[in-house]
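Chemist: The structure follows.
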Amino acid sequence: MLLVFTPAKNSFAKSKKDAQMSDYTKVKSAYVMDAKSGQTLYDNHANNQLPIASLSKMMTLYLTTQAIKHHQLNWNDKVPVDDQLIKMSKSYSLGSFKIKHSNQYTVEDLYKAALIASSNSAAIALGKAVAHGDNAKFIAMMNNQAKDWGIDAHFVSSSGLDNTDLKKYGYQLDGTPAKAQNLVSARAISIIAQHLTQAYPQIYQWSSKASYKLDGQTLVNTNSLLKPGFYYRPSNHLTGLKTGYTENAGLCLTVTYWRNGRELIATIIGSQSTFSAMNGLITHLDKTVRSTPVKESPKTYRIKGHQVIANPAENQTRVWYRIGQDPNKITVNNQLTATTLPIKKDQPITTTTFNNTGLPNATTQNGTAATTIAKPAAKKQPHSTGLSWFNRLIAGIGRTFSQFI
């Protein structure tokens with residue numbers, strides 16, 4: 001017997017709203033930060049290293065962007081793609097953008113494919129292009145960059161695939177375990193997103209698209225928070241950024257969105273309902289957090305006897321605080337972190353903490369040096385003849401008496 005369910009008036013609207021607002025706390029990890037100031041708004045086990053699947057591609061895209069910035073690559077360069085990556089691109093489970101021939105697509109083409117459609121082959125090909133064809137070298141670059149930023153991250157893949165998949169195509173790194181995978185914290189991947197969007201703000205022209213036509217194919221963005229996705233909400237003011245999924249990682253998501261004229265970055269790792277959980281997290285912050293303007297100014301420090309000026313990230317920032325806290329009691333403290341010379345212009349030399357906010361104190365904001373301060377040259381030691389003090393004395397006496405001979 002066929003049973004037909006006829007919903008009562010407005011019941012569908014209510015069920016859709018409920019579906020969009022699942023429990024944001026039922027995740028493995030979550031983190032929200034201010035993209036400009038680096039202030040932490042929310043932290044749920046955010047420093048735990050976890051599998052992040054295709055969120056890994058944001059580091060690959062960042063390093064690709066830097067290679068373009070430093071004229072090592074060009075957006076219009078054709079990228080070589082080997083037979084195994086072409087084969088991977090046509091896989092039902094691992095491919096999302098079919099690569100037809102090597103050297104057919106540009107850096108920009110593969111950048112879009114990796115970002116929008118989360119193409120694994122495109123991401124690996126881009127990494128190899130950055131590292132002059134050496135996949136292992138590029139993975140080392142990813143780990144070195146994470147180390148330079150001081151974040152919790154360990155990479156074995158430029159795409160986010162783990163070794164169980166990479167081995168089939170010859171891309172398992174030598175010396176790594178059979179089931180090794182990228183392990184990165186929610187806070188760390190949010191900071192990677194922060195650096196990526198600062199390095200290439202134009203990324204939103206692509207990350208905000210639900211689909212995109214490329215070479216006769218449609219790149220499909222799996223981010224259902226984007227219009228016209230089921231979980232889209234105009235009030236979110238969402239601009240992207242990246243989704244991820246593997247069986248081990250679960251559903252993962254990093255988004256950028258705007259509140260009170262500020263860009264925020266939010267990450268959820270390991271959820272069964274990532275999009276509804278993200279809507280719930282955004283709503284939670286809307287109900288519990290406010291911001292207030294705070295002026296900052298350059299500050300002078302002394303390092304090894306030299307005066308160094310630190311420029312703040314912003315002359316006027318907005319500090320977030322939990323409702324119920326007195327915004328007049330909020331203080332902004334800067335701490336010198338650089339201790340050795342030389343100090344280069346634009347080098348981060350301070351960290352900032354926001355106090356009395358009712359929120360976690362963790363921050364990624366860095367004050368930067370205004371000028372280059374060179375390391376003092378070592379003083380030259382007097383030239384030694386190799387003679388002992390006694391021999392030098394005798395030689396001196398000898399020269400004195402020789403004047404009278």
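Ordered as shown in the structure tokens, chains take letters A, B, and onward, while each chain numbers its residues from 1 and ligands are numbered from 1 in the order shown.
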Check the DSSP output for the backbone and give back, as a PDB file with C-alpha atoms, in the first residue's frame, the residues of segment 49-251 of chain A in alpha helix (DSSP H).
Modeler:
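Result file is out-v9.pdb:
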```
ATOM      1  CA  LYS A  57      44.241  22.020  -0.890  1.00  0.00           C
ATOM      2  CA  MET A  58      44.237  25.499   0.650  1.00  0.00           C
ATOM      3  CA  MET A  59      47.937  25.111   1.487  1.00  0.00           C
ATOM      4  CA  THR A  60      48.596  23.928  -2.085  1.00  0.00           C
ATOM      5  CA  LEU A  61      46.734  26.937  -3.457  1.00  0.00           C
ATOM      6  CA  TYR A  62      48.613  29.285  -1.116  1.00  0.00           C
ATOM      7  CA  LEU A  63      52.009  28.017  -2.273  1.00  0.00           C
ATOM      8  CA  THR A  64      50.852  28.208  -5.893  1.00  0.00           C
ATOM      9  CA  THR A  65      49.790  31.811  -5.315  1.00  0.00           C
ATOM     10  CA  GLN A  66      53.195  32.601  -3.802  1.00  0.00           C
ATOM     11  CA  ALA A  67      54.979  31.019  -6.761  1.00  0.00           C
ATOM     12  CA  ILE A  68      52.969  33.260  -9.099  1.00  0.00           C
ATOM     13  CA  LYS A  69      53.649  36.301  -6.920  1.00  0.00           C
ATOM     14  CA  ASP A  83      49.308   9.659 -17.099  1.00  0.00           C
ATOM     15  CA  GLN A  84      48.546   8.531 -13.537  1.00  0.00           C
ATOM     16  CA  LEU A  85      47.004  11.900 -12.636  1.00  0.00           C
ATOM     17  CA  ILE A  86      44.978  11.857 -15.839  1.00  0.00           C
ATOM     18  CA  LYS A  87      43.795   8.370 -14.862  1.00  0.00           C
ATOM     19  CA  MET A  88      42.965   9.601 -11.332  1.00  0.00           C
ATOM     20  CA  SER A  89      40.952  12.486 -12.771  1.00  0.00           C
ATOM     21  CA  VAL A 107      47.761  27.152 -13.903  1.00  0.00           C
ATOM     22  CA  GLU A 108      44.557  29.186 -13.645  1.00  0.00           C
ATOM     23  CA  ASP A 109      42.443  26.328 -15.019  1.00  0.00           C
ATOM     24  CA  LEU A 110      43.810  23.822 -12.512  1.00  0.00           C
ATOM     25  CA  TYR A 111      43.603  26.379  -9.686  1.00  0.00           C
ATOM     26  CA  LYS A 112      39.870  26.757 -10.354  1.00  0.00           C
ATOM     27  CA  ALA A 113      39.402  22.993 -10.660  1.00  0.00           C
ATOM     28  CA  ALA A 114      41.178  22.360  -7.333  1.00  0.00           C
ATOM     29  CA  LEU A 115      39.293  25.131  -5.527  1.00  0.00           C
ATOM     30  CA  ILE A 116      35.761  24.819  -6.897  1.00  0.00           C
ATOM     31  CA  ASN A 120      42.713  15.913  -6.627  1.00  0.00           C
ATOM     32  CA  SER A 121      44.626  15.580  -9.890  1.00  0.00           C
ATOM     33  CA  ALA A 122      44.617  19.361 -10.398  1.00  0.00           C
ATOM     34  CA  ALA A 123      45.980  19.984  -6.886  1.00  0.00           C
ATOM     35  CA  ILE A 124      48.786  17.437  -7.253  1.00  0.00           C
ATOM     36  CA  ALA A 125      49.704  18.785 -10.696  1.00  0.00           C
ATOM     37  CA  LEU A 126      49.857  22.339  -9.325  1.00  0.00           C
ATOM     38  CA  GLY A 127      52.113  21.252  -6.481  1.00  0.00           C
ATOM     39  CA  LYS A 128      54.468  19.540  -8.876  1.00  0.00           C
ATOM     40  CA  ALA A 129      54.519  22.649 -11.087  1.00  0.00           C
ATOM     41  CA  VAL A 130      55.539  24.773  -8.092  1.00  0.00           C
ATOM     42  CA  ASN A 135      55.994  15.937  -5.637  1.00  0.00           C
ATOM     43  CA  ALA A 136      58.036  15.025  -2.537  1.00  0.00           C
ATOM     44  CA  LYS A 137      59.738  18.421  -2.616  1.00  0.00           C
ATOM     45  CA  PHE A 138      56.374  20.163  -2.708  1.00  0.00           C
ATOM     46  CA  ILE A 139      55.088  18.201   0.313  1.00  0.00           C
ATOM     47  CA  ALA A 140      58.255  19.294   2.144  1.00  0.00           C
ATOM     48  CA  MET A 141      57.432  22.889   1.186  1.00  0.00           C
ATOM     49  CA  MET A 142      53.961  22.473   2.701  1.00  0.00           C
ATOM     50  CA  ASN A 143      55.395  21.194   5.976  1.00  0.00           C
ATOM     51  CA  ASN A 144      58.105  23.864   6.075  1.00  0.00           C
ATOM     52  CA  GLN A 145      55.513  26.581   5.542  1.00  0.00           C
ATOM     53  CA  ALA A 146      53.417  25.213   8.390  1.00  0.00           C
ATOM     54  CA  LYS A 147      56.515  25.178  10.591  1.00  0.00           C
ATOM     55  CA  ASP A 148      57.325  28.787   9.680  1.00  0.00           C
ATOM     56  CA  TRP A 149      53.817  29.797  10.750  1.00  0.00           C
ATOM     57  CA  ASN A 163      48.102   6.914   1.235  1.00  0.00           C
ATOM     58  CA  THR A 164      45.519   4.188   0.695  1.00  0.00           C
ATOM     59  CA  ASP A 165      44.378   6.140  -2.382  1.00  0.00           C
ATOM     60  CA  LEU A 166      47.678   7.731  -3.365  1.00  0.00           C
ATOM     61  CA  ALA A 186      41.031  23.344  12.900  1.00  0.00           C
ATOM     62  CA  ARG A 187      42.936  26.382  14.116  1.00  0.00           C
ATOM     63  CA  ALA A 188      45.850  25.611  11.791  1.00  0.00           C
ATOM     64  CA  ILE A 189      43.728  25.200   8.666  1.00  0.00           C
ATOM     65  CA  SER A 190      41.900  28.430   9.509  1.00  0.00           C
ATOM     66  CA  ILE A 191      45.251  30.216   9.679  1.00  0.00           C
ATOM     67  CA  ILE A 192      46.188  28.699   6.307  1.00  0.00           C
ATOM     68  CA  ALA A 193      42.897  30.076   4.938  1.00  0.00           C
ATOM     69  CA  GLN A 194      43.784  33.453   6.468  1.00  0.00           C
ATOM     70  CA  HIS A 195      47.142  33.529   4.660  1.00  0.00           C
ATOM     71  CA  LEU A 196      45.567  32.307   1.416  1.00  0.00           C
ATOM     72  CA  THR A 197      42.878  34.991   1.327  1.00  0.00           C
ATOM     73  CA  GLN A 198      45.370  37.710   2.275  1.00  0.00           C
ATOM     74  CA  ALA A 199      47.793  36.578  -0.427  1.00  0.00           C
ATOM     75  CA  TYR A 204      36.410  34.869  -3.709  1.00  0.00           C
ATOM     76  CA  GLN A 205      35.467  35.389  -7.344  1.00  0.00           C
ATOM     77  CA  TRP A 206      35.792  31.594  -7.654  1.00  0.00           C
ATOM     78  CA  SER A 207      35.230  30.217  -4.141  1.00  0.00           C
TER      79      SER A 207
END
```
Chemist: Compile the contact shell of Leu50 of chain A as a ChimeraX atom specification: residues with an atom at most 7 Å away, counting only C-alpha atoms, same-chain residues fewer than 4 positions apart removed.
Modeler: /A:183-185
Chemist: Could the residues of segment 201-257 of chain A that have an atom at most 8 Å from segment 265-282 of chain A be listed as CSV, each with its closest atom pair and the distance in Å to one decimal, counting only C-alpha atoms and ordered by chain and ascending residue number?
Modeler:
```
residue,atom,partner,partner_atom,distance
A:Asn223,CA,A:Phe275,CA,7.8
A:Ser224,CA,A:Phe275,CA,6.7
A:Leu225,CA,A:Phe275,CA,6.4
A:Tyr231,CA,A:Phe275,CA,6.5
A:Asn236,CA,A:Ile282,CA,7.6
A:Ala249,CA,A:Gly270,CA,5.8
A:Gly250,CA,A:Gly270,CA,4.7
A:Leu251,CA,A:Ser271,CA,5.3
A:Cys252,CA,A:Ile269,CA,4.5
A:Leu253,CA,A:Ile268,CA,5.4
A:Thr254,CA,A:Thr267,CA,4.2
A:Val255,CA,A:Ala266,CA,5.4
A:Thr256,CA,A:Ile265,CA,4.6
A:Tyr257,CA,A:Ile265,CA,6.7
```
Chemist: Which neighbours of segment 342-356 of chain A fall inside 10 Å, counting only C-alpha atoms, when residues of the same chain fewer than 2 positions from it are skipped, and could you give them as an MDAnalysis selection string?
Modeler: chainID A and resid 37:40 299 301 303:304 306 308:313 319:322 325:340 358:376
Chemist: Write to file, as a compact mmCIF listing (two decimals), in the first residue's frame, the residues of the selection just made, with C-alpha atoms.
Modeler:
```
# COMPACT_ATOMS: atom_id res chain seq x y z
CA SER A 37 43.06 40.75 13.65
CA GLY A 38 43.52 37.02 14.20
CA GLN A 39 41.34 37.11 17.32
CA THR A 40 39.73 33.81 18.31
CA LYS A 299 55.07 50.79 19.30
CA TYR A 301 60.89 48.13 21.16
CA ILE A 303 66.25 44.36 20.37
CA LYS A 304 69.96 43.84 21.10
CA HIS A 306 68.62 48.57 18.52
CA VAL A 308 62.64 48.68 16.30
CA ILE A 309 59.17 50.03 15.50
CA ALA A 310 56.28 47.57 15.21
CA ASN A 311 53.34 48.52 13.01
CA PRO A 312 49.97 47.09 14.12
CA ALA A 313 47.98 44.98 11.67
CA VAL A 319 37.67 43.51 19.24
CA TRP A 320 35.09 40.79 19.72
CA TYR A 321 33.64 40.10 23.18
CA ARG A 322 31.00 37.90 24.72
CA GLN A 325 31.35 41.61 29.25
CA ASP A 326 32.03 45.34 29.70
CA PRO A 327 33.58 46.56 26.41
CA ASN A 328 35.15 49.50 28.28
CA LYS A 329 37.35 47.10 30.21
CA ILE A 330 38.80 45.44 27.12
CA THR A 331 42.57 45.86 26.78
CA VAL A 332 44.86 45.11 23.86
CA ASN A 333 48.37 43.97 24.79
CA ASN A 334 51.31 43.48 22.45
CA GLN A 335 54.24 41.26 23.35
CA LEU A 336 57.62 41.31 21.63
CA THR A 337 58.43 37.88 20.19
CA ALA A 338 61.49 38.69 18.07
CA THR A 339 64.72 38.45 20.07
CA THR A 340 67.52 38.33 17.50
CA GLY A 358 35.13 36.57 27.73
CA LEU A 359 36.55 34.80 24.66
CA PRO A 360 39.70 32.67 24.24
CA ASN A 361 42.88 34.76 24.23
CA ALA A 362 44.48 32.89 21.32
CA THR A 363 45.36 35.14 18.40
CA THR A 364 47.34 35.03 15.19
CA GLN A 365 47.75 38.78 14.83
CA ASN A 366 51.34 39.94 14.39
CA GLY A 367 52.78 43.43 14.56
CA THR A 368 55.38 43.87 11.82
CA ALA A 369 58.68 45.73 11.75
CA ALA A 370 58.56 49.11 10.03
CA THR A 371 62.23 49.15 9.02
CA THR A 372 65.11 46.77 8.41
CA ILE A 373 67.58 46.54 11.29
CA ALA A 374 70.87 44.95 10.28
CA LYS A 375 72.83 42.63 12.48
CA PRO A 376 75.93 44.47 13.78
```
Chemist: Return as JSON lines the residues of segment 234-255 of chain A lying at most 12 Å from segment 155-159 of chain A, together with the closest atom-to-atom pair for each and the distance in Å to one decimal, counting only C-alpha atoms, with rows in chain order and ascending residue number.
Modeler:
```
{"residue": "A:Gly244", "atom": "CA", "partner": "A:Ser159", "partner_atom": "CA", "distance": 10.1}
{"residue": "A:Tyr245", "atom": "CA", "partner": "A:Ser159", "partner_atom": "CA", "distance": 11.4}
{"residue": "A:Thr246", "atom": "CA", "partner": "A:Ser159", "partner_atom": "CA", "distance": 11.6}
```
